[in-house]
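Structure, as structure tokens:
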Amino acid sequence: MIIAVDFDGTLHDGHWPDIGNPKYFSVEVMQRLKADGHYLIIWTCREGERQTEMINWLIGQGIPFDRVNDHKPESVELYGCNSRKVYAHLYIDDKQVGGLPEWTEIYQYVRESEQEYLRTKTGCKTLSLAEYAFLVGIKQKDLTGRSRTRHIADAREVYWYKLHENGYSYPQIAKMFNRRNHTTVLSAKNRIEGLLGIKDSGIVRLYNFLEN
């Protein structure tokens with residue numbers, strides 16, 4: 001996804017025009033977002049010398065970014081305009097209604113938003129993870145976690161199976177669920193595929209939640 005990130009008050013704790021220290025976990029989360037494949041635009045009122053100071057600070061802190069106050073080129077080509085407001089799927093700003101969440105919360109929100117974005121982009125009709133969690137009576141954080149409790153693991157793997165059935169690749173699913181190795185998803189898919197042939201099994205009932 002394309003993510004526009006404010007600078008002052010968002011990435012650092014100083015007061016304009018000074019630049020303070022990085023907000024807690026802002027560096028780590030920005031690095032993680034970039035590693036996850038997101039396109040990061042710094043969205044700032046700074047210009048001229050102030051903007052140069054900002055860029056040097058970002059580089060010095062190891063904070064990745066793709067552009068400053070400018071669109072991703074593909075967006076300009078797609079929409080045929082280069083408006084002052086940069087196009088993004090998400091905007092992170094300390095002036096947003098409700099204020100700026102903790103950066104760890106921001107990362108979790110981005111991950112959940114990315115899942116919905118991918119589902120929409122691929123035309124997937126699968127229930128959102130939140131909807132599915134509600135229907136099967138399991139907390140969403142448990143489904144995205146690493147619990148090996150059988151009913152939780154079964155529910156998680158059925159969801160992976162359905163995502164793959166609707167066009168997601170194994171690496172995409174692994175990324176959504178914070179798994180380093182997509183072979184975990186492949187193995188689960190094969191297991192669920194075998195169990196779906198057993199009538200009246202718990203696996204079939206879980207799968208039917210995603211079919212209705």
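Ordering of the structure tokens sets the chain letters (A, B, ...); residue numbers start at 1 within each chain; ligands are numbered from 1 in the order shown.
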
Please run DSSP on the backbone and report, as a PyMOL selection string, all residues within segment 40-120 of chain A that come out as alpha helix (DSSP H). chain A and resi 48-61+73-79+103-120

Keeping N, CA and C atoms for every residue in the selection just given, could you write it to a file as a compact mmCIF listing (two decimals), in the first residue's frame?
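Okay, out19.txt is ready:
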# COMPACT_ATOMS: atom_id res chain seq x y z
N GLY A 48 12.44 23.82 1.40
CA GLY A 48 13.74 24.47 1.36
C GLY A 48 14.73 23.87 2.35
N GLU A 49 15.41 24.76 3.11
CA GLU A 49 16.43 24.32 4.05
C GLU A 49 15.86 23.42 5.14
N ARG A 50 14.64 23.75 5.60
CA ARG A 50 14.00 22.92 6.64
C ARG A 50 13.76 21.50 6.14
N GLN A 51 13.38 21.39 4.88
CA GLN A 51 13.13 20.06 4.33
C GLN A 51 14.44 19.29 4.17
N THR A 52 15.51 19.99 3.78
CA THR A 52 16.81 19.34 3.67
C THR A 52 17.27 18.82 5.03
N GLU A 53 17.05 19.61 6.09
CA GLU A 53 17.38 19.18 7.45
C GLU A 53 16.61 17.90 7.80
N MET A 54 15.35 17.90 7.43
CA MET A 54 14.50 16.74 7.70
C MET A 54 15.02 15.50 6.98
N ILE A 55 15.36 15.63 5.70
CA ILE A 55 15.84 14.49 4.92
C ILE A 55 17.13 13.95 5.51
N ASN A 56 18.04 14.86 5.90
CA ASN A 56 19.30 14.42 6.50
C ASN A 56 19.05 13.69 7.81
N TRP A 57 18.06 14.17 8.59
CA TRP A 57 17.73 13.52 9.87
C TRP A 57 17.15 12.13 9.62
N LEU A 58 16.25 12.02 8.66
CA LEU A 58 15.65 10.72 8.33
C LEU A 58 16.72 9.71 7.93
N ILE A 59 17.64 10.15 7.08
CA ILE A 59 18.72 9.25 6.64
C ILE A 59 19.61 8.87 7.82
N GLY A 60 19.91 9.85 8.67
CA GLY A 60 20.76 9.59 9.83
C GLY A 60 20.13 8.62 10.81
N GLN A 61 18.80 8.64 10.91
CA GLN A 61 18.08 7.75 11.83
C GLN A 61 17.80 6.39 11.21
N PRO A 73 4.85 7.79 -8.80
CA PRO A 73 4.65 8.06 -10.24
C PRO A 73 3.50 7.29 -10.87
N GLU A 74 3.30 6.05 -10.46
CA GLU A 74 2.22 5.25 -11.02
C GLU A 74 0.85 5.85 -10.72
N SER A 75 0.72 6.56 -9.58
CA SER A 75 -0.56 7.19 -9.23
C SER A 75 -0.86 8.35 -10.18
N VAL A 76 0.18 9.13 -10.51
CA VAL A 76 0.00 10.25 -11.45
C VAL A 76 -0.42 9.72 -12.81
N GLU A 77 0.22 8.65 -13.23
CA GLU A 77 -0.11 8.04 -14.53
C GLU A 77 -1.52 7.47 -14.53
N LEU A 78 -1.91 6.83 -13.42
CA LEU A 78 -3.22 6.19 -13.34
C LEU A 78 -4.35 7.21 -13.33
N TYR A 79 -4.20 8.27 -12.52
CA TYR A 79 -5.29 9.22 -12.34
C TYR A 79 -5.16 10.48 -13.20
N TRP A 103 3.12 3.96 17.97
CA TRP A 103 3.58 3.41 16.70
C TRP A 103 3.36 1.89 16.60
N THR A 104 3.39 1.21 17.73
CA THR A 104 3.10 -0.23 17.69
C THR A 104 1.64 -0.47 17.29
N GLU A 105 0.75 0.41 17.74
CA GLU A 105 -0.67 0.30 17.36
C GLU A 105 -0.84 0.66 15.89
N ILE A 106 -0.08 1.63 15.43
CA ILE A 106 -0.15 2.02 14.02
C ILE A 106 0.23 0.83 13.13
N TYR A 107 1.28 0.12 13.53
CA TYR A 107 1.71 -1.03 12.71
C TYR A 107 0.62 -2.09 12.64
N GLN A 108 -0.01 -2.37 13.76
CA GLN A 108 -1.08 -3.37 13.77
C GLN A 108 -2.24 -2.93 12.90
N TYR A 109 -2.58 -1.64 12.95
CA TYR A 109 -3.68 -1.12 12.13
C TYR A 109 -3.34 -1.24 10.64
N VAL A 110 -2.09 -0.94 10.29
CA VAL A 110 -1.69 -1.06 8.89
C VAL A 110 -1.83 -2.49 8.42
N ARG A 111 -1.43 -3.45 9.25
CA ARG A 111 -1.53 -4.86 8.87
C ARG A 111 -2.96 -5.28 8.64
N GLU A 112 -3.86 -4.82 9.51
CA GLU A 112 -5.27 -5.16 9.35
C GLU A 112 -5.84 -4.48 8.10
N SER A 113 -5.43 -3.24 7.85
CA SER A 113 -5.90 -2.51 6.66
C SER A 113 -5.37 -3.15 5.39
N GLU A 114 -4.13 -3.65 5.44
CA GLU A 114 -3.55 -4.30 4.28
C GLU A 114 -4.32 -5.56 3.91
N GLN A 115 -4.76 -6.28 4.90
CA GLN A 115 -5.54 -7.49 4.63
C GLN A 115 -6.81 -7.13 3.88
N GLU A 116 -7.51 -6.10 4.32
CA GLU A 116 -8.74 -5.67 3.66
C GLU A 116 -8.43 -5.14 2.26
N TYR A 117 -7.33 -4.41 2.13
CA TYR A 117 -6.92 -3.87 0.83
C TYR A 117 -6.66 -4.99 -0.17
N LEU A 118 -5.91 -6.00 0.27
CA LEU A 118 -5.61 -7.13 -0.62
C LEU A 118 -6.87 -7.89 -0.98
N ARG A 119 -7.75 -8.03 -0.01
CA ARG A 119 -9.01 -8.75 -0.26
C ARG A 119 -9.84 -8.02 -1.32
N THR A 120 -9.90 -6.70 -1.23
CA THR A 120 -10.64 -5.89 -2.20
C THR A 120 -9.97 -5.91 -3.56

Contacts of segment 180-196 of chain A at 8 Å (only C-alpha atoms; same-chain gap of 2+ positions) as a ChimeraX atom specification: /A:157-158,160-161,170-171,173-175,178,198-199,201,203-204

Grab the residues selected above and save them as a CSV table (one decimal), in the first residue's frame with N, CA and C atoms.
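Contents of selection.csv, freshly written:
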chain,number,residue,atom,x,y,z
A,157,GLU,N,-6.1,-22.2,9.9
A,157,GLU,CA,-5.7,-22.8,8.7
A,157,GLU,C,-6.8,-22.9,7.7
A,158,VAL,N,-8.0,-23.0,8.1
A,158,VAL,CA,-9.2,-23.0,7.2
A,158,VAL,C,-9.2,-21.6,6.5
A,160,TRP,N,-6.7,-19.6,6.0
A,160,TRP,CA,-5.6,-19.6,5.0
A,160,TRP,C,-6.0,-20.3,3.7
A,161,TYR,N,-6.7,-21.5,3.9
A,161,TYR,CA,-7.1,-22.3,2.8
A,161,TYR,C,-8.1,-21.5,1.9
A,170,TYR,N,0.7,-18.0,-1.4
A,170,TYR,CA,1.2,-18.5,-0.1
A,170,TYR,C,2.1,-17.4,0.6
A,171,PRO,N,3.0,-16.7,-0.2
A,171,PRO,CA,3.8,-15.6,0.5
A,171,PRO,C,2.9,-14.5,1.0
A,173,ILE,N,-0.2,-14.7,2.1
A,173,ILE,CA,-0.9,-15.1,3.3
A,173,ILE,C,0.1,-15.2,4.5
A,174,ALA,N,1.3,-15.7,4.2
A,174,ALA,CA,2.3,-15.7,5.3
A,174,ALA,C,2.6,-14.3,5.8
A,175,LYS,N,2.7,-13.4,4.9
A,175,LYS,CA,3.0,-12.0,5.3
A,175,LYS,C,1.9,-11.4,6.1
A,178,ASN,N,2.1,-12.7,9.6
A,178,ASN,CA,3.4,-12.5,10.2
A,178,ASN,C,4.2,-13.8,10.3
A,198,ILE,N,-14.0,-35.1,4.7
A,198,ILE,CA,-14.7,-35.9,5.8
A,198,ILE,C,-16.0,-35.1,6.2
A,199,LYS,N,-17.1,-35.7,5.9
A,199,LYS,CA,-18.4,-35.1,6.1
A,199,LYS,C,-18.6,-34.8,7.6
A,201,SER,N,-17.3,-32.9,9.6
A,201,SER,CA,-16.2,-32.7,10.5
A,201,SER,C,-16.2,-31.2,10.9
A,203,ILE,N,-13.8,-29.2,10.5
A,203,ILE,CA,-13.2,-28.5,9.4
A,203,ILE,C,-14.2,-28.0,8.4
A,204,VAL,N,-15.1,-28.9,8.1
A,204,VAL,CA,-16.1,-28.6,7.1
A,204,VAL,C,-17.0,-27.5,7.6

By how many Å are atom CA of Gly167 of chain A and atom CA of Ile138 of chain A apart?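 Going from atom CA of Gly167 of chain A over to atom CA of Ile138 of chain A covers 24.6 Å.
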
Which one is closest to Glu102 of chain A: A:Tyr168, A:Tyr207, A:Tyr24, A:Tyr132? Count only C-alpha atoms. A:Tyr24

Selection: 6 Å around segment 1-10 of chain A, only C-alpha atoms, excl. self and same-chain fewer than 4 positions, as an NGL selection string: :A and (38-44 or 88-94)

Output N, CA and C atoms of each residue in that selection to a file, as a PDB file, in the first residue's frame.
ATOM      1  N   HIS A  38       5.574  -1.737   1.613  1.00  0.00           N
ATOM      2  CA  HIS A  38       4.762  -0.533   1.456  1.00  0.00           C
ATOM      3  C   HIS A  38       5.582   0.608   0.836  1.00  0.00           C
ATOM      4  N   TYR A  39       4.887   1.511   0.151  1.00  0.00           N
ATOM      5  CA  TYR A  39       5.509   2.691  -0.472  1.00  0.00           C
ATOM      6  C   TYR A  39       5.298   3.857   0.485  1.00  0.00           C
ATOM      7  N   LEU A  40       6.390   4.447   1.002  1.00  0.00           N
ATOM      8  CA  LEU A  40       6.311   5.441   2.064  1.00  0.00           C
ATOM      9  C   LEU A  40       6.597   6.847   1.540  1.00  0.00           C
ATOM     10  N   ILE A  41       5.634   7.739   1.737  1.00  0.00           N
ATOM     11  CA  ILE A  41       5.776   9.139   1.329  1.00  0.00           C
ATOM     12  C   ILE A  41       5.810  10.009   2.587  1.00  0.00           C
ATOM     13  N   ILE A  42       6.847  10.843   2.732  1.00  0.00           N
ATOM     14  CA  ILE A  42       6.892  11.792   3.830  1.00  0.00           C
ATOM     15  C   ILE A  42       6.048  12.994   3.426  1.00  0.00           C
ATOM     16  N   TRP A  43       5.074  13.297   4.256  1.00  0.00           N
ATOM     17  CA  TRP A  43       4.048  14.314   3.957  1.00  0.00           C
ATOM     18  C   TRP A  43       4.243  15.444   4.959  1.00  0.00           C
ATOM     19  N   THR A  44       4.842  16.562   4.521  1.00  0.00           N
ATOM     20  CA  THR A  44       5.295  17.580   5.456  1.00  0.00           C
ATOM     21  C   THR A  44       5.092  18.997   4.925  1.00  0.00           C
ATOM     22  N   ALA A  88      -2.724   8.436  -1.146  1.00  0.00           N
ATOM     23  CA  ALA A  88      -2.233   7.333  -0.320  1.00  0.00           C
ATOM     24  C   ALA A  88      -3.416   6.490   0.124  1.00  0.00           C
ATOM     25  N   HIS A  89      -3.140   5.250   0.487  1.00  0.00           N
ATOM     26  CA  HIS A  89      -4.185   4.392   1.046  1.00  0.00           C
ATOM     27  C   HIS A  89      -4.384   4.691   2.528  1.00  0.00           C
ATOM     28  N   LEU A  90      -3.316   5.137   3.198  1.00  0.00           N
ATOM     29  CA  LEU A  90      -3.385   5.490   4.611  1.00  0.00           C
ATOM     30  C   LEU A  90      -2.556   6.739   4.860  1.00  0.00           C
ATOM     31  N   TYR A  91      -3.010   7.565   5.821  1.00  0.00           N
ATOM     32  CA  TYR A  91      -2.276   8.762   6.220  1.00  0.00           C
ATOM     33  C   TYR A  91      -1.999   8.680   7.720  1.00  0.00           C
ATOM     34  N   ILE A  92      -0.752   8.909   8.105  1.00  0.00           N
ATOM     35  CA  ILE A  92      -0.365   8.869   9.516  1.00  0.00           C
ATOM     36  C   ILE A  92       0.052  10.282   9.921  1.00  0.00           C
ATOM     37  N   ASP A  93      -0.678  10.865  10.869  1.00  0.00           N
ATOM     38  CA  ASP A  93      -0.460  12.280  11.209  1.00  0.00           C
ATOM     39  C   ASP A  93      -0.874  12.525  12.648  1.00  0.00           C
ATOM     40  N   ASP A  94      -0.067  13.283  13.383  1.00  0.00           N
ATOM     41  CA  ASP A  94      -0.414  13.567  14.777  1.00  0.00           C
ATOM     42  C   ASP A  94      -1.610  14.505  14.903  1.00  0.00           C
TER      43      ASP A  94
END

Write out as a PDB file with N, CA and C atoms, in the first residue's frame all residues of chain A that DSSP puts in strand (DSSP E) for this structure's backbone.
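Generated file (part-v8.pdb):
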ATOM      1  N   ILE A   2       0.277   2.367  -0.379  1.00  0.00           N
ATOM      2  CA  ILE A   2       0.943   3.665  -0.297  1.00  0.00           C
ATOM      3  C   ILE A   2       0.562   4.295   1.045  1.00  0.00           C
ATOM      4  N   ILE A   3       1.566   4.712   1.813  1.00  0.00           N
ATOM      5  CA  ILE A   3       1.320   5.293   3.132  1.00  0.00           C
ATOM      6  C   ILE A   3       1.997   6.653   3.203  1.00  0.00           C
ATOM      7  N   ALA A   4       1.219   7.696   3.488  1.00  0.00           N
ATOM      8  CA  ALA A   4       1.758   9.051   3.651  1.00  0.00           C
ATOM      9  C   ALA A   4       1.963   9.304   5.142  1.00  0.00           C
ATOM     10  N   VAL A   5       3.175   9.731   5.500  1.00  0.00           N
ATOM     11  CA  VAL A   5       3.535   9.887   6.907  1.00  0.00           C
ATOM     12  C   VAL A   5       3.974  11.323   7.184  1.00  0.00           C
ATOM     13  N   ASP A   6       3.291  11.975   8.095  1.00  0.00           N
ATOM     14  CA  ASP A   6       3.688  13.307   8.543  1.00  0.00           C
ATOM     15  C   ASP A   6       5.044  13.228   9.246  1.00  0.00           C
ATOM     16  N   TYR A  39       4.887   1.511   0.151  1.00  0.00           N
ATOM     17  CA  TYR A  39       5.509   2.691  -0.472  1.00  0.00           C
ATOM     18  C   TYR A  39       5.298   3.857   0.485  1.00  0.00           C
ATOM     19  N   LEU A  40       6.390   4.447   1.002  1.00  0.00           N
ATOM     20  CA  LEU A  40       6.311   5.441   2.064  1.00  0.00           C
ATOM     21  C   LEU A  40       6.597   6.847   1.540  1.00  0.00           C
ATOM     22  N   ILE A  41       5.634   7.739   1.737  1.00  0.00           N
ATOM     23  CA  ILE A  41       5.776   9.139   1.329  1.00  0.00           C
ATOM     24  C   ILE A  41       5.810  10.009   2.587  1.00  0.00           C
ATOM     25  N   ILE A  42       6.847  10.843   2.732  1.00  0.00           N
ATOM     26  CA  ILE A  42       6.892  11.792   3.830  1.00  0.00           C
ATOM     27  C   ILE A  42       6.048  12.994   3.426  1.00  0.00           C
ATOM     28  N   TRP A  43       5.074  13.297   4.256  1.00  0.00           N
ATOM     29  CA  TRP A  43       4.048  14.314   3.957  1.00  0.00           C
ATOM     30  C   TRP A  43       4.243  15.444   4.959  1.00  0.00           C
ATOM     31  N   ARG A  67       9.462   8.963  -1.259  1.00  0.00           N
ATOM     32  CA  ARG A  67       9.335  10.305  -1.820  1.00  0.00           C
ATOM     33  C   ARG A  67       8.993  11.280  -0.703  1.00  0.00           C
ATOM     34  N   VAL A  68       9.136  12.568  -1.006  1.00  0.00           N
ATOM     35  CA  VAL A  68       8.756  13.630  -0.073  1.00  0.00           C
ATOM     36  C   VAL A  68       7.760  14.542  -0.775  1.00  0.00           C
ATOM     37  N   LEU A  90      -3.316   5.137   3.198  1.00  0.00           N
ATOM     38  CA  LEU A  90      -3.385   5.490   4.611  1.00  0.00           C
ATOM     39  C   LEU A  90      -2.556   6.739   4.860  1.00  0.00           C
ATOM     40  N   TYR A  91      -3.010   7.565   5.821  1.00  0.00           N
ATOM     41  CA  TYR A  91      -2.276   8.762   6.220  1.00  0.00           C
ATOM     42  C   TYR A  91      -1.999   8.680   7.720  1.00  0.00           C
ATOM     43  N   ILE A  92      -0.752   8.909   8.105  1.00  0.00           N
ATOM     44  CA  ILE A  92      -0.365   8.869   9.516  1.00  0.00           C
ATOM     45  C   ILE A  92       0.052  10.282   9.921  1.00  0.00           C
TER      46      ILE A  92
END

Atom-to-atom span, atom CA of Val27 of chain A and atom CA of Leu143 of chain A, Å: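 Rounded to one decimal, the two atoms are 27.4 Å apart.
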